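Below is one structure, written out as structure tokens; the observations come after it.
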Amino acid sequence: MKYTKPLLVAVAVLAIVGALAYALMDKPGAPAATFTTLEGKSIVLDELRGKVVLVNFWATSCPGCIKEMPGMIETYNQYKGRGFEIVAVAMSYDPPNYVTNFVQTRRLPFPVALDVDGEHARAFGNVQLTPTSFIIGKNGHILEQKLGELDFVKLKALLDRELS
């Protein structure tokens, strides 16, 4: 019984130290990637340092992806002048002509790349489900990974904080 209180204090201190160490750890860096847009332009992820970048894996056959595109367009248009970039990466199983048609009919204002052989999905942790998004900070570290549709209120709050 006389050891209970010191043991609880020691456990609490260790928990606090562990939480602080975790909070101070560097976030994982984004993989080195060079995307090729539908127009044939190369986008080197490392060259976007200094911007906040949203890499969004999507497919034309994904209802959630289609549903979130208007929000992505609106967010891109609102923040692009402040240092925000989106790279929409169509999954390898998505037929290129479907992707091109989608981009043209929806007038997507941000770059769209084809992940022809799945290289980018593998580099980002073997992405299999869509939509999957990665928010990369100005320093190239992944700030957040989101499986499923984006929460645009939360995304805009993050952008306001990171781009101020």
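As shown in the structure tokens, the chain order sets the letters A, B, ...; within each chain, residues go from 1, and ligands are also counted from 1 in the order they appear.
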
Once DSSP has gone over the backbone, tell me which residues of chain A are in alpha helix (DSSP H), as a ChimeraX atom specification. /A:4-24,63-79,96-106,119-123,152-162

Nearest-residue call for A:Phe84, choices A:Ala121, A:Ile136, A:Leu147, A:Val99, using only C-alpha atoms: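 Of A:Ala121, A:Ile136, A:Leu147, A:Val99, the one nearest A:Phe84, counting only C-alpha atoms, is A:Ile136.
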
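Among the candidate residues A:Phe134, A:Phe124, A:Tyr93, A:Phe110, the one lying nearest to A:Pro70 is A:Phe110, with distances computed using only C-alpha atoms.
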
Residue contacts of A:Gln145 (8 Å, only C-alpha atoms) excluding same-chain residues fewer than 5 positions away, as a ChimeraX atom specification: /A:132-135

Of the candidates A:Thr36, A:Pro111, A:Leu45, A:Phe57, which one gets nearest to A:Lys146 if we count only C-alpha atoms?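 For A:Lys146, the nearest of the candidates is A:Phe57.
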